[in-house]
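Notes follow once the structure below has been shown.
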Amino acid sequence: MNRSINTALSVQQLSFSYGNRMVLDNLNIGFPDGKTTAILGPSGSGKSTLLKLIAGLIQPDTGSITPAPHSLITGYVFQDFCLLPWLTVQDNITLVLRPHKLSPDAISERIQEVLTLTGLLPFADTFPYQLSGGMQQRAGLARAMAIHPSLLLLDEPFSAIDGQTRELLIGEYHRLCQQWPMTRILITHQLDDAFDLADQLLLLSSRPARVLHCMDLPDSLSPDQRDKLRSEIWQHLKKEVQVSDRQVMRSSIA
Ligand SMILES: Nc1ncnc2c1ncn2[C@@H]1O[C@H](COP(=O)(O)OP(=O)(O)OP(=O)(O)O)[C@@H](O)[C@H]1O
């Protein structure tokens, strides 16, 4: 990690189990301030669980998170959008603003601001089912941004949308990051997402997840550099993906 960059958030000796299934094993990670850290790891390794711990949705068995969850304003963008289907786009956003005790005028201002930012202003009164997947994810992003987060958690935000929309959203995401300084943690299965968006890449092992490798990513990569890095990263991950596959096979037979 680049030592000149301040750490906004860190986890120390973090372990977590669901019942007797150990998911995270003694994780120590620093997330640089104002940067994007991408987390890659085999399916079922515990990536979403790590985000839930950081958001304070669940509690660790041992270890700590600094600063403590809930002391940062944290936005959460979900893979499957998680918009309430019976509420319009603006009402979905109003819902997350309610606990922040803002005046009605301030709420209207925030809604206007994030809908403008995400290009959704004309769709304020639209219901989620009337929007494409890409538009629903913009609404998910608008909702997360409305609380003015200092930490943004993104759990596979591009996995439920098509490739062309992904390209558009990546461009918009870069623009957003320039306008709003915040620390971002991105979970993804796609190395290209990490190459396109992240400053730091963290590789997790199969369950129980340990940190396999952590590296800085350059601002831009030539196609050759991408290929080289891709095969380097795959060397780290290959064995872990095989282990994870066997875990899934065993639990589906059991
Ligand atoms: N609420 C839960 N109760 C019990 N086990 C759970 C629960 N949530 C997740 N798990 C299990 O914990 C492990 C880690 O799950 P998690 O969703 O964190 O992994 P992941 O790396 O995000 O997976 P994926 O890449 O497939 O989304 C998996 O074996 C999963 O089945």
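In the structure tokens, chains take letters A, B, ... by order of appearance, with residues numbered from 1 within each chain and ligands from 1 in the order shown.
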Could you list, as a PyMOL selection string, all residues that come within 9 Å of ligand 1? Count only C-alpha atoms and all ligand atoms. chain A and resi 17-19+21-24+40-52+155-156+187-189+204+206-209+247-248+251
Can I get the selected residues back with C-alpha atoms, as a PDB file, in the first residue's frame?
```pdb
ATOM      1  CA  SER A  17     -18.515 -17.246  11.842  1.00  0.00           C
ATOM      2  CA  TYR A  18     -22.128 -18.026  10.968  1.00  0.00           C
ATOM      3  CA  GLY A  19     -22.789 -20.663  13.649  1.00  0.00           C
ATOM      4  CA  ARG A  21     -19.153 -22.051   9.697  1.00  0.00           C
ATOM      5  CA  MET A  22     -16.055 -19.870   9.983  1.00  0.00           C
ATOM      6  CA  VAL A  23     -16.147 -17.227   7.247  1.00  0.00           C
ATOM      7  CA  LEU A  24     -13.441 -14.654   8.039  1.00  0.00           C
ATOM      8  CA  LEU A  40     -11.769 -10.031  -5.126  1.00  0.00           C
ATOM      9  CA  GLY A  41     -12.086 -13.576  -3.910  1.00  0.00           C
ATOM     10  CA  PRO A  42     -13.747 -16.879  -4.732  1.00  0.00           C
ATOM     11  CA  SER A  43     -17.507 -17.176  -4.508  1.00  0.00           C
ATOM     12  CA  GLY A  44     -18.628 -17.763  -0.928  1.00  0.00           C
ATOM     13  CA  SER A  45     -15.317 -16.628   0.541  1.00  0.00           C
ATOM     14  CA  GLY A  46     -16.950 -13.983   2.734  1.00  0.00           C
ATOM     15  CA  LYS A  47     -16.677 -10.712   0.782  1.00  0.00           C
ATOM     16  CA  SER A  48     -20.269  -9.583   1.417  1.00  0.00           C
ATOM     17  CA  THR A  49     -19.923 -10.640   5.050  1.00  0.00           C
ATOM     18  CA  LEU A  50     -16.913  -8.332   5.374  1.00  0.00           C
ATOM     19  CA  LEU A  51     -18.956  -5.400   3.983  1.00  0.00           C
ATOM     20  CA  LYS A  52     -21.805  -6.161   6.389  1.00  0.00           C
ATOM     21  CA  ASP A 155     -21.389  -4.947  -3.421  1.00  0.00           C
ATOM     22  CA  GLU A 156     -21.020  -6.155  -7.042  1.00  0.00           C
ATOM     23  CA  ILE A 187     -16.683  -6.058  -4.151  1.00  0.00           C
ATOM     24  CA  THR A 188     -16.460  -7.588  -7.564  1.00  0.00           C
ATOM     25  CA  HIS A 189     -15.853 -10.845  -9.430  1.00  0.00           C
ATOM     26  CA  LEU A 204      -9.101 -12.945  -0.376  1.00  0.00           C
ATOM     27  CA  SER A 206     -11.395 -19.299  -0.060  1.00  0.00           C
ATOM     28  CA  ARG A 207     -13.454 -19.625   3.136  1.00  0.00           C
ATOM     29  CA  PRO A 208     -12.457 -18.941   5.864  1.00  0.00           C
ATOM     30  CA  ALA A 209     -11.138 -15.840   4.118  1.00  0.00           C
ATOM     31  CA  GLN A 247     -16.635 -26.451  -0.695  1.00  0.00           C
ATOM     32  CA  VAL A 248     -19.724 -25.607  -2.772  1.00  0.00           C
ATOM     33  CA  SER A 251     -22.324 -28.427   0.742  1.00  0.00           C
TER      34      SER A 251
END
```
What are the DSSP strand (DSSP E) residues of stretch 73-112 of chain A, as JSON, numbers by chain? {"A": [74, 75, 76, 77]}
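Taking atom CA of A:Ala124 and atom CA of A:Thr36 as the two end points, the separation is 28.7 Å.
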Residues of stretch 38-127 of chain A in alpha helix (DSSP H) according to DSSP, as number ranges by chain? A: 47-55, 89-97, 104-117
Write out as a PDB file with C-alpha atoms, in the first residue's frame each polymer residue whose atoms come within 8 Å of stretch 213-220 of chain A, counting only C-alpha atoms; drop sequence neighbours fewer than 3 positions from it.
```pdb
ATOM      1  CA  MET A   1       0.000   0.000   0.000  1.00  0.00           C
ATOM      2  CA  ASN A   2       1.134   3.567  -0.646  1.00  0.00           C
ATOM      3  CA  PHE A 195      -8.669  -2.241 -13.104  1.00  0.00           C
ATOM      4  CA  ASP A 196     -11.187   0.430 -14.188  1.00  0.00           C
ATOM      5  CA  ALA A 198      -9.803   0.781  -7.983  1.00  0.00           C
ATOM      6  CA  ASP A 199      -6.614   2.245  -6.525  1.00  0.00           C
ATOM      7  CA  GLN A 200      -5.933  -0.775  -4.339  1.00  0.00           C
ATOM      8  CA  LEU A 201      -6.712  -4.449  -4.947  1.00  0.00           C
ATOM      9  CA  LEU A 202      -7.180  -6.954  -2.178  1.00  0.00           C
ATOM     10  CA  LEU A 203      -7.350 -10.679  -2.856  1.00  0.00           C
ATOM     11  CA  LEU A 204      -9.101 -12.945  -0.376  1.00  0.00           C
ATOM     12  CA  HIS A 236      -2.779 -16.078  -6.607  1.00  0.00           C
TER      13      HIS A 236
END
```
Within 12 Å of A:Phe78, counting only C-alpha atoms, which residues qualify if same-chain residues fewer than 5 places away don't, as an MDAnalysis selection string? chainID A and resid 48 51:52 83 136:141 143:144 152:160 186:188
Just-selected residues, N, CA and C atoms written as an mmCIF file, in the first residue's frame:
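Heads up, here's the output in again-v4.cif:
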```cif
data_model
loop_
_atom_site.group_PDB
_atom_site.id
_atom_site.type_symbol
_atom_site.label_atom_id
_atom_site.label_comp_id
_atom_site.auth_asym_id
_atom_site.auth_seq_id
_atom_site.Cartn_x
_atom_site.Cartn_y
_atom_site.Cartn_z
ATOM 1 N N SER A 48 -19.087 -10.358 0.985
ATOM 2 C CA SER A 48 -20.269 -9.583 1.417
ATOM 3 C C SER A 48 -20.342 -9.535 2.934
ATOM 4 N N LEU A 51 -18.277 -6.703 4.141
ATOM 5 C CA LEU A 51 -18.956 -5.400 3.983
ATOM 6 C C LEU A 51 -20.005 -5.204 5.072
ATOM 7 N N LYS A 52 -20.749 -6.284 5.357
ATOM 8 C CA LYS A 52 -21.805 -6.161 6.389
ATOM 9 C C LYS A 52 -21.193 -5.834 7.748
ATOM 10 N N LEU A 83 -34.238 -1.693 -4.161
ATOM 11 C CA LEU A 83 -35.177 -0.566 -4.100
ATOM 12 C C LEU A 83 -36.536 -1.122 -3.667
ATOM 13 N N GLN A 136 -32.060 1.483 -12.511
ATOM 14 C CA GLN A 136 -32.305 1.091 -11.107
ATOM 15 C C GLN A 136 -31.006 1.188 -10.313
ATOM 16 N N GLN A 137 -29.884 0.822 -10.957
ATOM 17 C CA GLN A 137 -28.621 0.916 -10.224
ATOM 18 C C GLN A 137 -28.235 2.380 -10.014
ATOM 19 N N ARG A 138 -28.579 3.248 -10.983
ATOM 20 C CA ARG A 138 -28.346 4.684 -10.752
ATOM 21 C C ARG A 138 -29.165 5.153 -9.556
ATOM 22 N N ALA A 139 -30.405 4.660 -9.478
ATOM 23 C CA ALA A 139 -31.259 5.048 -8.344
ATOM 24 C C ALA A 139 -30.637 4.528 -7.028
ATOM 25 N N GLY A 140 -30.061 3.314 -7.071
ATOM 26 C CA GLY A 140 -29.403 2.768 -5.880
ATOM 27 C C GLY A 140 -28.224 3.636 -5.475
ATOM 28 N N LEU A 141 -27.494 4.116 -6.467
ATOM 29 C CA LEU A 141 -26.338 4.978 -6.210
ATOM 30 C C LEU A 141 -26.811 6.342 -5.672
ATOM 31 N N ARG A 143 -29.509 6.937 -4.033
ATOM 32 C CA ARG A 143 -29.965 6.740 -2.652
ATOM 33 C C ARG A 143 -28.770 6.700 -1.691
ATOM 34 N N ALA A 144 -27.705 5.988 -2.099
ATOM 35 C CA ALA A 144 -26.526 5.892 -1.229
ATOM 36 C C ALA A 144 -25.854 7.257 -1.073
ATOM 37 N N LEU A 152 -18.336 4.656 1.054
ATOM 38 C CA LEU A 152 -19.316 4.067 0.134
ATOM 39 C C LEU A 152 -18.968 2.596 -0.070
ATOM 40 N N LEU A 153 -19.918 1.715 0.239
ATOM 41 C CA LEU A 153 -19.725 0.272 0.087
ATOM 42 C C LEU A 153 -20.499 -0.175 -1.150
ATOM 43 N N LEU A 154 -19.798 -0.833 -2.073
ATOM 44 C CA LEU A 154 -20.440 -1.260 -3.319
ATOM 45 C C LEU A 154 -20.300 -2.775 -3.457
ATOM 46 N N ASP A 155 -21.429 -3.477 -3.374
ATOM 47 C CA ASP A 155 -21.389 -4.947 -3.421
ATOM 48 C C ASP A 155 -21.792 -5.411 -4.818
ATOM 49 N N GLU A 156 -20.819 -5.720 -5.649
ATOM 50 C CA GLU A 156 -21.020 -6.155 -7.042
ATOM 51 C C GLU A 156 -22.048 -5.273 -7.768
ATOM 52 N N PRO A 157 -21.781 -3.971 -7.854
ATOM 53 C CA PRO A 157 -22.802 -3.066 -8.392
ATOM 54 C C PRO A 157 -23.073 -3.233 -9.878
ATOM 55 N N PHE A 158 -22.172 -3.906 -10.603
ATOM 56 C CA PHE A 158 -22.369 -4.010 -12.060
ATOM 57 C C PHE A 158 -22.777 -5.407 -12.507
ATOM 58 N N SER A 159 -22.973 -6.325 -11.537
ATOM 59 C CA SER A 159 -23.166 -7.713 -11.961
ATOM 60 C C SER A 159 -24.557 -7.963 -12.546
ATOM 61 N N ALA A 160 -25.535 -7.101 -12.218
ATOM 62 C CA ALA A 160 -26.887 -7.356 -12.741
ATOM 63 C C ALA A 160 -27.219 -6.453 -13.928
ATOM 64 N N LEU A 186 -15.191 -1.735 -2.976
ATOM 65 C CA LEU A 186 -15.939 -2.344 -4.083
ATOM 66 C C LEU A 186 -15.723 -3.850 -4.088
ATOM 67 N N ILE A 187 -16.794 -4.602 -4.005
ATOM 68 C CA ILE A 187 -16.683 -6.058 -4.151
ATOM 69 C C ILE A 187 -17.023 -6.408 -5.590
ATOM 70 N N THR A 188 -16.202 -7.225 -6.178
ATOM 71 C CA THR A 188 -16.460 -7.588 -7.564
ATOM 72 C C THR A 188 -15.877 -8.961 -7.872
#
```
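For A:His70, the residues within 10 Å (counting only C-alpha atoms, excluding itself and residues fewer than 2 positions away along the chain) are Ile54, Ala55, Gly56, Leu57, Pro67, Ala68, Leu72, Ile73 and Thr74 of chain A.
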Would you put the residues from that selection into a file with C-alpha atoms, as an mmCIF file, in the first residue's frame?
```
data_model
loop_
_atom_site.group_PDB
_atom_site.id
_atom_site.type_symbol
_atom_site.label_atom_id
_atom_site.label_comp_id
_atom_site.auth_asym_id
_atom_site.auth_seq_id
_atom_site.Cartn_x
_atom_site.Cartn_y
_atom_site.Cartn_z
ATOM 1 C CA ILE A 54 -17.885 -2.775 8.139
ATOM 2 C CA ALA A 55 -21.405 -1.349 7.813
ATOM 3 C CA GLY A 56 -22.217 -2.547 11.341
ATOM 4 C CA LEU A 57 -25.073 -4.786 10.127
ATOM 5 C CA PRO A 67 -13.411 3.896 13.293
ATOM 6 C CA ALA A 68 -16.302 1.905 14.742
ATOM 7 C CA LEU A 72 -18.864 7.095 9.654
ATOM 8 C CA ILE A 73 -21.742 8.025 7.372
ATOM 9 C CA THR A 74 -21.889 4.937 5.192
#
```
